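Q: For reference, this is input00.txt, and it has compact mmCIF, C-alpha atoms.
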```txt
# COMPACT_ATOMS: atom_id res chain seq x y z
CA MET H 3 3.35 -26.62 -10.10
CA THR H 4 5.27 -27.31 -6.88
CA GLN H 5 5.83 -24.52 -4.36
CA GLU H 6 9.58 -24.70 -5.03
CA HIS H 7 9.01 -23.92 -8.71
CA ALA H 8 6.39 -21.27 -7.89
CA GLN H 9 8.77 -19.41 -5.55
CA LYS H 10 11.45 -19.28 -8.25
CA GLY H 11 9.16 -18.17 -11.06
CA GLY H 12 8.46 -14.70 -12.43
CA PHE H 13 6.12 -12.26 -10.73
CA GLU H 14 2.94 -13.39 -12.46
CA THR H 15 3.79 -17.06 -11.87
CA ARG H 16 4.33 -16.42 -8.16
CA ALA H 17 1.14 -14.36 -7.91
CA ILE H 18 -0.90 -17.22 -9.37
CA HIS H 19 0.79 -20.29 -7.90
CA ALA H 20 2.73 -19.44 -4.72
CA GLY H 21 1.36 -20.18 -1.27
CA TYR H 22 -0.99 -23.00 -2.27
CA GLU H 23 -0.92 -26.34 -4.05
CA PRO H 24 -4.09 -27.93 -5.47
CA ASP H 25 -6.15 -29.52 -2.72
CA ALA H 26 -4.95 -33.07 -2.02
CA THR H 27 -8.49 -34.43 -1.70
CA THR H 28 -10.34 -32.77 -4.57
CA GLY H 29 -7.61 -31.19 -6.72
CA ALA H 30 -9.25 -27.75 -6.32
CA VAL H 31 -6.87 -25.22 -7.91
CA ILE H 32 -8.23 -22.29 -5.87
CA PRO H 33 -7.92 -22.24 -2.05
CA PRO H 34 -11.30 -23.06 -0.49
CA ILE H 35 -12.98 -20.62 1.89
CA TYR H 36 -12.56 -22.24 5.29
CA ALA H 37 -15.51 -20.67 7.07
CA THR H 38 -14.70 -22.17 10.44
CA SER H 39 -13.72 -20.68 13.76
CA THR H 40 -12.24 -23.80 15.35
CA TYR H 41 -10.71 -27.18 14.42
CA LYS H 42 -10.97 -30.73 15.77
CA GLN H 43 -7.78 -31.71 17.56
CA ASP H 44 -6.25 -35.17 17.31
CA GLY H 45 -6.01 -35.51 21.07
CA VAL H 46 -5.25 -32.72 23.52
CA GLY H 47 -2.72 -30.45 21.87
CA GLY H 48 -2.69 -32.57 18.72
CA LEU H 49 -3.16 -29.84 16.13
CA ARG H 50 -3.89 -31.01 12.61
CA GLY H 51 -1.66 -28.97 10.33
CA GLY H 52 -1.10 -26.44 13.11
CA TYR H 53 -4.69 -25.19 13.17
CA GLU H 54 -6.60 -24.73 16.40
CA TYR H 55 -8.53 -21.42 16.18
CA SER H 56 -9.01 -19.13 13.20
CA ARG H 57 -7.72 -15.98 14.88
CA SER H 58 -4.37 -17.76 15.15
CA ALA H 59 -4.47 -19.34 11.68
CA ASN H 60 -6.94 -20.21 8.96
CA PRO H 61 -6.05 -22.18 5.79
CA THR H 62 -7.55 -19.54 3.47
CA ARG H 63 -5.52 -16.83 5.18
CA THR H 64 -2.43 -19.03 5.18
CA ALA H 65 -2.65 -19.30 1.38
CA LEU H 66 -2.92 -15.52 1.04
CA GLU H 67 -0.04 -14.91 3.43
CA GLY H 68 2.13 -17.30 1.45
CA VAL H 69 1.58 -15.51 -1.84
CA LEU H 70 2.02 -12.08 -0.23
CA ALA H 71 5.48 -13.14 0.95
CA ALA H 72 6.31 -14.54 -2.47
CA VAL H 73 5.38 -11.45 -4.51
CA GLU H 74 7.23 -9.13 -2.12
CA ASP H 75 10.31 -11.39 -2.17
CA GLY H 76 9.98 -11.90 1.58
CA GLU H 77 10.04 -14.82 3.98
CA ARG H 78 6.81 -14.29 5.94
CA GLY H 79 3.57 -12.54 5.13
CA PHE H 80 0.73 -11.55 7.44
CA ALA H 81 -2.82 -10.63 6.41
CA PHE H 82 -4.92 -8.19 8.43
CA ALA H 83 -8.45 -6.83 8.57
CA SER H 84 -7.29 -3.45 7.16
CA GLY H 85 -4.17 -1.54 6.25
CA LEU H 86 -4.38 0.43 9.48
CA ALA H 87 -4.68 -2.78 11.48
CA ALA H 88 -1.46 -3.91 9.81
CA GLU H 89 0.21 -0.58 10.63
CA ASP H 90 -0.94 -0.65 14.25
CA THR H 91 0.42 -4.17 14.67
CA ILE H 92 3.82 -3.02 13.35
CA LEU H 93 3.90 -0.17 15.87
CA ARG H 94 2.92 -2.39 18.81
CA SER H 95 5.30 -5.15 17.74
CA LEU H 96 8.41 -3.13 17.01
CA THR H 97 8.23 -0.12 19.34
CA SER H 98 7.54 0.62 23.00
CA PRO H 99 6.40 3.69 24.94
CA GLY H 100 9.26 6.18 24.99
CA ASP H 101 10.43 5.29 21.48
CA HIS H 102 10.41 7.60 18.47
CA ALA H 103 9.61 7.25 14.76
CA VAL H 104 10.29 9.38 11.70
CA ILE H 105 7.27 9.65 9.41
CA PRO H 106 6.73 11.32 6.01
CA ASP H 107 5.71 14.97 5.94
CA ASP H 108 3.35 13.84 3.18
CA ALA H 109 1.50 10.73 4.26
CA TYR H 110 -1.89 9.08 4.14
CA GLY H 111 -4.16 10.90 6.58
CA GLY H 112 -5.11 7.68 8.35
CA THR H 113 -1.45 6.83 8.96
CA PHE H 114 -0.82 10.28 10.43
CA ARG H 115 -3.93 9.94 12.60
CA LEU H 116 -2.69 6.58 13.88
CA PHE H 117 0.68 8.03 14.84
CA ASP H 118 -0.69 11.32 16.21
CA LYS H 119 -3.92 10.32 17.93
CA VAL H 120 -3.33 6.68 18.92
CA ALA H 121 0.40 5.92 19.14
CA LYS H 122 1.47 9.29 20.56
CA PRO H 123 -0.81 9.11 23.64
CA TRP H 124 0.44 5.53 24.10
CA GLY H 125 3.99 6.92 24.26
CA LEU H 126 5.45 6.68 20.75
CA GLU H 127 6.71 10.07 19.59
CA HIS H 128 7.11 11.00 15.94
CA THR H 129 8.76 13.63 13.75
CA PRO H 130 7.67 14.38 10.16
CA ALA H 131 10.43 14.69 7.55
CA ALA H 132 10.63 15.07 3.79
CA ILE H 133 11.37 11.54 2.65
CA ASP H 134 13.00 12.75 -0.56
CA ASP H 135 15.58 14.65 1.51
CA ILE H 136 18.04 12.18 3.05
CA ASP H 137 19.64 14.90 5.20
CA ALA H 138 16.23 15.90 6.56
CA VAL H 139 15.44 12.29 7.48
CA ARG H 140 18.85 11.91 9.12
CA ALA H 141 18.31 15.13 11.09
CA ALA H 142 14.89 13.94 12.30
CA ILE H 143 16.35 10.76 13.80
CA ARG H 144 16.94 10.81 17.55
CA PRO H 145 19.96 8.57 18.23
CA GLY H 146 19.10 5.74 20.56
CA GLN H 147 15.39 6.63 20.60
CA THR H 148 14.30 6.33 16.97
CA LYS H 149 13.22 2.76 16.28
CA LEU H 150 11.39 3.19 12.96
CA VAL H 151 11.85 5.26 9.84
CA TRP H 152 8.47 5.05 8.13
CA VAL H 153 8.11 6.01 4.48
CA GLU H 154 5.59 5.89 1.68
CA THR H 155 6.98 5.95 -1.83
CA PRO H 156 5.24 7.27 -3.81
CA THR H 157 3.60 9.27 -1.01
CA ASN H 158 -0.10 9.98 -0.71
CA PRO H 159 -1.20 12.32 -2.29
CA MET H 160 1.81 14.36 -3.47
CA LEU H 161 3.57 11.36 -5.07
CA THR H 162 6.93 12.20 -3.53
CA ILE H 163 9.60 9.55 -4.12
CA GLY H 164 11.93 8.27 -1.41
CA ASP H 165 15.18 6.49 -2.25
CA ILE H 166 14.58 3.20 -0.45
CA GLU H 167 18.19 2.02 -0.58
CA ALA H 168 19.52 5.34 0.80
CA LEU H 169 16.80 5.54 3.45
CA ALA H 170 17.58 2.00 4.58
CA ALA H 171 21.23 2.94 5.03
CA VAL H 172 20.32 6.01 7.13
CA ALA H 173 17.88 4.02 9.28
CA HIS H 174 20.28 1.15 9.83
CA ASP H 175 23.17 3.48 10.71
CA ALA H 176 20.97 4.79 13.53
CA GLY H 177 19.94 1.31 14.68
CA ALA H 178 16.39 1.80 13.36
CA LEU H 179 14.24 -0.26 11.02
CA LEU H 180 12.94 0.98 7.68
CA VAL H 181 9.21 0.43 7.11
CA VAL H 182 7.95 1.05 3.57
CA ASP H 183 4.28 1.50 2.77
CA ASN H 184 4.21 0.00 -0.73
CA THR H 185 0.49 0.50 -1.34
CA PHE H 186 0.75 3.04 -4.17
CA ALA H 187 3.40 1.14 -6.11
CA SER H 188 2.13 -2.40 -5.43
CA PRO H 189 4.47 -5.42 -5.30
CA TYR H 190 4.40 -5.57 -9.10
CA LEU H 191 6.09 -2.21 -9.57
CA GLN H 192 8.38 -2.11 -6.52
CA GLN H 193 9.88 -4.54 -4.01
CA PRO H 194 11.30 -2.62 -1.04
CA LEU H 195 12.74 -5.62 0.80
CA ALA H 196 15.12 -6.26 -2.09
CA LEU H 197 16.29 -2.63 -1.74
CA GLY H 198 17.09 -2.91 1.96
CA ALA H 199 13.79 -2.22 3.73
CA ASP H 200 13.02 -4.29 6.82
CA VAL H 201 9.21 -4.25 6.74
CA VAL H 202 6.71 -3.74 3.91
CA VAL H 203 3.13 -2.76 4.67
CA HIS H 204 0.12 -2.60 2.34
CA SER H 205 -3.45 -1.62 2.33
CA THR H 206 -4.48 -4.64 0.27
CA THR H 207 -7.83 -2.88 -0.17
CA LYS H 208 -6.11 -1.01 -2.97
CA TYR H 209 -4.11 -2.50 -5.87
CA VAL H 210 -3.55 -5.96 -4.36
CA GLY H 211 -7.28 -6.67 -4.02
CA GLY H 212 -7.95 -4.39 -6.95
CA HIS H 213 -11.73 -4.63 -7.26
CA SER H 214 -13.04 -2.32 -4.50
CA ASP H 215 -14.86 -5.22 -2.87
CA VAL H 216 -12.71 -6.03 0.16
CA VAL H 217 -10.84 -4.19 2.93
CA GLY H 218 -7.53 -5.63 4.10
CA GLY H 219 -3.92 -5.09 5.01
CA ALA H 220 -0.62 -6.94 4.83
CA VAL H 221 2.85 -6.98 6.35
CA VAL H 222 5.82 -8.79 4.78
CA VAL H 223 9.30 -9.28 6.24
CA ARG H 224 12.45 -11.26 5.51
CA ASP H 225 13.90 -11.37 9.03
CA LEU H 226 12.43 -14.31 10.95
CA GLU H 227 12.94 -12.64 14.35
CA LEU H 228 10.81 -9.73 13.19
CA ALA H 229 8.32 -12.23 11.79
CA GLU H 230 8.03 -13.93 15.19
CA ARG H 231 7.31 -10.62 16.93
CA ILE H 232 4.77 -9.51 14.34
CA GLY H 233 3.12 -12.94 14.27
CA PHE H 234 2.77 -12.94 18.06
CA HIS H 235 1.11 -9.53 18.05
CA GLN H 236 -1.10 -10.41 15.08
CA ASN H 237 -2.55 -13.25 17.14
CA ALA H 238 -2.55 -11.38 20.45
CA MET H 239 -4.25 -8.28 19.03
CA GLY H 240 -6.50 -10.20 16.68
CA ALA H 241 -7.21 -7.84 13.76
CA VAL H 242 -6.80 -10.64 11.24
CA ALA H 243 -8.21 -11.04 7.75
CA GLY H 244 -11.24 -13.33 7.74
CA PRO H 245 -11.52 -16.26 5.32
CA PHE H 246 -13.89 -14.50 2.90
CA ASP H 247 -11.71 -11.39 2.81
CA SER H 248 -8.61 -13.53 2.35
CA PHE H 249 -10.25 -15.34 -0.55
CA LEU H 250 -11.19 -12.10 -2.33
CA THR H 251 -7.77 -10.53 -1.76
CA HIS H 252 -6.00 -13.65 -3.04
CA ARG H 253 -8.23 -13.73 -6.11
CA GLY H 254 -7.41 -10.11 -6.87
CA LEU H 255 -3.68 -10.60 -6.42
CA LYS H 256 -3.59 -13.22 -9.17
CA THR H 257 -4.28 -10.55 -11.81
CA LEU H 258 -2.19 -7.75 -10.28
CA GLY H 259 0.45 -7.78 -13.02
CA VAL H 260 -1.91 -7.38 -15.97
CA ARG H 261 -4.01 -4.82 -14.12
CA MET H 262 -1.02 -2.68 -13.19
CA ASP H 263 0.16 -2.61 -16.80
CA ARG H 264 -3.20 -1.14 -17.85
CA HIS H 265 -3.30 1.26 -14.88
CA CYS H 266 0.11 2.58 -15.95
CA ASP H 267 -0.81 2.77 -19.65
CA ASN H 268 -3.92 4.81 -18.87
CA ALA H 269 -2.18 7.03 -16.33
CA GLU H 270 0.54 7.95 -18.83
CA ARG H 271 -2.07 9.03 -21.40
CA ILE H 272 -3.93 11.09 -18.80
CA VAL H 273 -0.72 12.77 -17.62
CA GLU H 274 0.02 13.79 -21.20
CA PHE H 275 -3.48 15.23 -21.57
CA LEU H 276 -3.39 17.14 -18.27
CA SER H 277 0.09 18.51 -18.95
CA ASN H 278 -1.29 20.30 -22.01
CA HIS H 279 -4.58 21.51 -20.54
CA PRO H 280 -4.90 25.28 -19.94
CA ALA H 281 -6.89 24.83 -16.71
CA VAL H 282 -4.16 22.69 -15.10
CA ILE H 283 -1.27 24.52 -13.44
CA GLU H 284 0.72 21.48 -12.26
CA VAL H 285 0.73 17.73 -12.90
CA ILE H 286 2.39 15.51 -10.31
CA TYR H 287 3.48 12.10 -11.59
CA PRO H 288 6.80 10.29 -11.06
CA GLY H 289 6.92 9.34 -14.74
CA LEU H 290 7.42 12.96 -15.75
CA GLU H 291 11.07 13.89 -16.23
CA SER H 292 10.27 17.17 -14.50
CA HIS H 293 9.28 15.31 -11.31
CA PRO H 294 12.03 15.78 -8.67
CA GLY H 295 12.01 12.06 -7.88
CA HIS H 296 11.86 10.80 -11.47
CA ALA H 297 15.41 9.40 -11.57
CA VAL H 298 14.98 7.54 -8.28
CA ALA H 299 11.58 6.21 -9.31
CA ALA H 300 12.99 5.02 -12.63
CA ARG H 301 15.69 3.14 -10.75
CA GLN H 302 13.56 1.41 -8.12
CA MET H 303 10.18 1.04 -9.84
CA LYS H 304 9.24 -1.08 -12.84
CA ARG H 305 6.83 1.65 -14.04
CA PHE H 306 5.35 4.75 -12.44
CA GLY H 307 1.92 3.64 -11.28
CA GLY H 308 -1.73 4.54 -11.70
CA MET H 309 -1.94 7.48 -9.28
CA VAL H 310 -1.94 11.02 -10.67
CA SER H 311 -2.31 14.28 -8.76
CA PHE H 312 -2.82 17.70 -10.32
CA ARG H 313 -3.64 21.28 -9.39
CA VAL H 314 -6.11 23.52 -11.18
CA SER H 315 -6.00 27.23 -11.94
CA GLY H 316 -9.19 28.28 -10.19
CA GLY H 317 -8.27 27.30 -6.65
CA GLU H 318 -10.29 25.11 -4.29
CA ALA H 319 -13.67 26.04 -5.78
CA HIS H 320 -12.55 24.93 -9.23
CA ALA H 321 -11.07 21.71 -7.85
CA LEU H 322 -14.35 20.88 -6.12
CA ARG H 323 -16.33 21.56 -9.31
CA VAL H 324 -14.10 19.24 -11.33
CA CYS H 325 -14.54 16.48 -8.77
CA GLU H 326 -18.31 16.89 -8.89
CA LYS H 327 -18.61 17.00 -12.70
CA THR H 328 -16.90 13.77 -13.74
CA GLN H 329 -19.12 10.94 -14.94
CA VAL H 330 -16.75 8.04 -15.64
CA PHE H 331 -14.43 8.92 -12.78
CA THR H 332 -16.35 8.15 -9.59
CA LEU H 333 -16.13 10.67 -6.76
CA GLY H 334 -14.94 8.54 -3.88
CA GLU H 335 -12.16 7.73 -1.44
CA SER H 336 -9.80 4.76 -1.73
CA LEU H 337 -7.80 3.86 -4.82
CA GLY H 338 -6.32 1.01 -6.81
CA GLY H 339 -9.54 -0.56 -8.05
CA VAL H 340 -10.38 -1.38 -11.65
CA GLU H 341 -12.67 1.68 -11.77
CA SER H 342 -11.29 5.22 -11.93
CA LEU H 343 -11.80 7.42 -8.88
CA ILE H 344 -11.44 11.16 -8.35
CA GLU H 345 -11.22 12.93 -5.03
CA HIS H 346 -10.33 16.20 -3.30
CA PRO H 347 -7.67 15.23 -0.72
CA GLY H 348 -8.04 18.40 1.34
CA ARG H 349 -11.74 17.73 1.99
CA MET H 350 -11.67 13.93 1.86
CA THR H 351 -8.78 11.52 2.47
CA HIS H 352 -6.51 14.13 4.05
CA ALA H 353 -9.00 16.17 6.05
CA SER H 354 -7.41 14.76 9.22
CA VAL H 355 -4.10 16.55 8.49
CA ALA H 356 -5.62 20.02 7.99
CA GLY H 357 -3.68 22.58 9.98
CA THR H 358 -0.62 20.34 10.40
CA ASP H 359 2.70 20.06 8.59
CA LEU H 360 1.04 17.46 6.35
CA GLU H 361 -1.73 19.75 5.04
CA VAL H 362 -2.20 19.44 1.26
CA PRO H 363 -2.93 22.22 -1.27
CA ALA H 364 -6.60 23.21 -1.50
CA ASP H 365 -6.50 23.17 -5.31
CA LEU H 366 -5.21 19.58 -5.47
CA ILE H 367 -7.13 16.75 -7.16
CA ARG H 368 -6.08 13.11 -6.90
CA LEU H 369 -6.92 10.51 -9.51
CA SER H 370 -6.82 6.77 -9.16
CA VAL H 371 -6.70 5.85 -12.84
CA GLY H 372 -8.59 2.64 -13.54
CA ILE H 373 -8.49 0.22 -16.44
CA GLU H 374 -11.42 1.54 -18.48
CA THR H 375 -11.11 2.54 -22.14
CA VAL H 376 -8.68 5.42 -21.93
CA GLU H 377 -10.48 7.58 -24.52
CA ASP H 378 -13.54 7.60 -22.25
CA LEU H 379 -11.42 8.74 -19.30
CA LEU H 380 -9.83 11.52 -21.33
CA ALA H 381 -13.19 12.77 -22.60
CA ASP H 382 -14.57 12.74 -19.06
CA LEU H 383 -11.72 14.83 -17.68
CA ASP H 384 -11.98 17.21 -20.64
CA GLN H 385 -15.65 17.96 -20.02
CA ALA H 386 -15.12 18.27 -16.26
CA LEU H 387 -12.25 20.74 -16.66
CA SER H 388 -14.01 22.84 -19.30
```
Can the structure from this file be put into structure tokens for me?

A:
Amino acid sequence: MTQEHAQKGGFETRAIHAGYEPDATTGAVIPPIYATSTYKQDGVGGLRGGYEYSRSANPTRTALEGVLAAVEDGERGFAFASGLAAEDTILRSLTSPGDHAVIPDDAYGGTFRLFDKVAKPWGLEHTPAAIDDIDAVRAAIRPGQTKLVWVETPTNPMLTIGDIEALAAVAHDAGALLVVDNTFASPYLQQPLALGADVVVHSTTKYVGGHSDVVGGAVVVRDLELAERIGFHQNAMGAVAGPFDSFLTHRGLKTLGVRMDRHCDNAERIVEFLSNHPAVIEVIYPGLESHPGHAVAARQMKRFGGMVSFRVSGGEAHALRVCEKTQVFTLGESLGGVESLIEHPGRMTHASVAGTDLEVPADLIRLSVGIETVEDLLADLDQALS
């Protein structure tokens, strides 16, 4: 399949074919791992295919970056050593000391730590706002100073939904860019650039890689001027995805569509079970009609994802016991892998936001629902909650 046909195909076709054509020499259908740091030049400055040093570009990473752009309906993709490396590169590329950003009042703890402990001392100020409240986001913007409106949708871990199209309009009216962390939804379920976002960021460690065997990050844009700035900083700062990591991430991305369908199927069954369990006082899932963001999620997402949060009746002690008692759900941080994970955000992924506006409820449990046999997952939760 030619790249022209791959770019025009459906999601699964793009995920499998975009960004790479079978090797001209061998016909290899999978991009080789180019485990090389440097490249022979055809004379001084005569770069063969544009490659000179693997921090600047590597063919395995190039293939991954091409497919990342294709599945997010963007023009340029960039692969990084981690999601936070991708986020840091966005901040350094698109803001300067003295600028301001609006961030979610419910965000991944590592993102908050980056803004609060790294970017703030550097000179980038930030204001948290409820991303499901357009007026609150508008009020948090400082005219002339705010350069980024940063959102997660769904957020981590409260699964709040932001209206990407409306948020883009608010950001653009203020002369700011809208950055959307699309990690929880994945490119299969949601494509923010098509809804007006300027920058999409991922922890590819999660659903894109999908097998809990590689750490990585990604940035995708449509605007080529933004791409030039981000590409310069990617090279200048150097936190790039290595060839082995690029290979694993690309391999995982090829099956994203079929995996996400199973993640969603299983999550919906688990939500139904939890909603009827006497030990559960609240289930948080965008697929529930009772969820405040359900209508927006239904409009901008293909389905509602594999992440489920819930609160238990016995407070923090009960939540900790449930996390410790599961046998199929693995107690661990991260998410988006084929295996189901359970965690206590207040003690684990969101410990860094304790005592701030982003602090999460102590009785909250977060599930990353995997693709196992759903009856086994239901039985495991039942015995852990009992």

Q: Would you kindly return, as a list in words, each protein, DNA or RNA residue with an atom no farther than 12 Å from any atom of Arg115 (chain H), considering all atoms listed in the file and excluding same-chain residues fewer than 6 positions away?

A: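 In the requested format, the answer is Leu86, Glu89, Asp90, Ile105, Ala109, Ala121, Lys122, Pro123, His128, Thr351, His352, Ala353, Ser354, Val355, Ala356, Thr358 and Leu360 of chain H.
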
Q: Where does region 157-208 of chain H meet region 271-294 of chain H within 10 Å, residue by residue, with the nearest atom pair and distance in Å to one decimal for each, counting all atoms listed in the file, listed by chain and rising number, as a tab-separated table?

A:
```
residue	atom	partner	partner_atom	distance
H:Pro159	CA	H:Ile286	CA	9.3
H:Met160	CA	H:Ile286	CA	7.0
H:Leu161	CA	H:Tyr287	CA	6.6
H:Thr162	CA	H:Pro288	CA	7.8
H:Ile163	CA	H:Pro288	CA	7.5
```

Q: Could you give me, as a VMD selection string, the residues that have an atom at most 12 Å away from the point (-16.9, 16.6, -20.5) in the coordinates of the file, using all atoms listed in the file?

A: chain H and resid 324 to 331 377 to 388

Q: Applying 10 Å and all atoms listed in the file, which residues near Tyr190 (chain H) remain after dropping the ones on its own chain fewer than 3 positions away? List them as a PyMOL selection string.

A: chain H and resi 13-14+17+73-74+187+193+209-210+255+258-263+303-305+307

Q: Counting all atoms listed in the file, which residue out of H:Gly85, H:Gly240, H:Gly317, H:Gly357 sits closest to Lys208 (chain H)?

A: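 For Lys208 (chain H), the nearest of the candidates is H:Gly85.
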
Q: Have a look at CA of Lys42 (chain H) and CA of Arg63 (chain H) and let me know their distance in Å, one decimal.

A: 18.3 Å

Q: So which residues are close to (-15.2, -0.6, -15.3), meaning at most 10 Å away in the file's coordinates with all atoms listed in the file counted, and can you show them as a list of chain:residue names?

A: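 Those residues lying close to the given coordinates are H:His213, H:Val330, H:Phe331, H:Gly339, H:Val340, H:Glu341, H:Ser342, H:Gly372, H:Ile373, H:Glu374, H:Thr375.
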
Q: Go ahead and compute the interatomic distance for CA of Asp165 (chain H) and CA of Leu343 (chain H), in Å to one decimal.

A: 27.8 Å

Q: Near Ala199 (chain H), counting only C-alpha atoms, which residues have an atom at most 8 Å away, once you skip same-chain residues fewer than 3 positions from it, shown as a ChimeraX atom specification?

A: /H:166-167,170,179-182,194-196,202

Q: So that I can check the surroundings of Ala37 (chain H), please list as a list in words every protein, DNA and RNA residue that reaches within 10 Å of it, counting all atoms listed in the file and ignoring chain neighbours fewer than 2 positions away.

A: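 In the requested form, the answer reads Pro34, Ile35, Ser39, Thr40, Ser56, Asn60, Pro61, Thr62, Gly244, Pro245 and Phe246 of chain H.
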
Q: Using all atoms listed in the file, pick whichever of H:His296, H:Lys119, H:His265, H:Arg368 has the shortest atom-to-atom distance to Ser336 (chain H).

A: H:Arg368

Q: Work out how far apart CA of Asp107 (chain H) and CA of Ala138 (chain H) are and give it in Å to one decimal.

A: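 Computing the Euclidean distance for CA of Asp107 (chain H) and CA of Ala138 (chain H) yields 10.6 Å.
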
Q: What's around His204 (chain H) at 8 Å? Count all atoms listed in the file, leave out sequence neighbours fewer than 2 positions away in its own chain, and write the answer as a PyMOL selection string.

A: chain H and resi 85+88+183-185+202+206+219-221

Q: Could region 229-235 of chain H be written out with all heavy atoms, as a compact mmCIF listing (two decimals), in the first residue's frame, please?

A:
```txt
# COMPACT_ATOMS: atom_id res chain seq x y z
N ALA H 229 5.23 22.97 14.34
CA ALA H 229 6.05 21.78 14.15
C ALA H 229 7.54 22.13 14.10
O ALA H 229 8.38 21.43 14.67
CB ALA H 229 5.63 21.05 12.87
N GLU H 230 7.87 23.23 13.43
CA GLU H 230 9.27 23.64 13.33
C GLU H 230 9.83 23.99 14.71
O GLU H 230 10.95 23.59 15.05
CB GLU H 230 9.39 24.84 12.40
CG GLU H 230 10.82 25.28 12.16
CD GLU H 230 10.93 26.39 11.13
OE1 GLU H 230 9.92 26.73 10.50
OE2 GLU H 230 12.05 26.93 10.97
N ARG H 231 9.04 24.69 15.52
CA ARG H 231 9.50 25.06 16.86
C ARG H 231 9.66 23.83 17.75
O ARG H 231 10.66 23.69 18.46
CB ARG H 231 8.52 26.06 17.48
CG ARG H 231 8.54 27.41 16.81
CD ARG H 231 7.27 28.21 17.07
NE ARG H 231 7.13 28.62 18.46
CZ ARG H 231 6.09 29.27 18.94
NH1 ARG H 231 5.05 29.56 18.12
NH2 ARG H 231 6.04 29.63 20.21
N ILE H 232 8.70 22.93 17.69
CA ILE H 232 8.76 21.73 18.52
C ILE H 232 9.90 20.82 18.05
O ILE H 232 10.66 20.27 18.86
CB ILE H 232 7.42 20.99 18.51
CG1 ILE H 232 6.37 21.82 19.25
CG2 ILE H 232 7.55 19.59 19.13
CD1 ILE H 232 4.95 21.35 19.06
N GLY H 233 10.06 20.69 16.73
CA GLY H 233 11.13 19.86 16.20
C GLY H 233 12.51 20.39 16.58
O GLY H 233 13.42 19.61 16.90
N PHE H 234 12.67 21.72 16.56
CA PHE H 234 13.95 22.31 16.98
C PHE H 234 14.26 21.97 18.42
O PHE H 234 15.36 21.54 18.77
CB PHE H 234 13.92 23.83 16.80
CG PHE H 234 15.14 24.52 17.35
CD1 PHE H 234 16.30 24.62 16.60
CD2 PHE H 234 15.14 25.04 18.64
CE1 PHE H 234 17.43 25.23 17.11
CE2 PHE H 234 16.26 25.65 19.17
CZ PHE H 234 17.42 25.75 18.40
N HIS H 235 13.26 22.13 19.29
CA HIS H 235 13.49 21.87 20.71
C HIS H 235 13.64 20.38 20.99
O HIS H 235 14.39 19.99 21.90
CB HIS H 235 12.35 22.46 21.54
CG HIS H 235 12.46 23.93 21.76
ND1 HIS H 235 12.11 24.85 20.78
CD2 HIS H 235 12.91 24.65 22.81
CE1 HIS H 235 12.32 26.07 21.25
NE2 HIS H 235 12.81 25.98 22.46
```
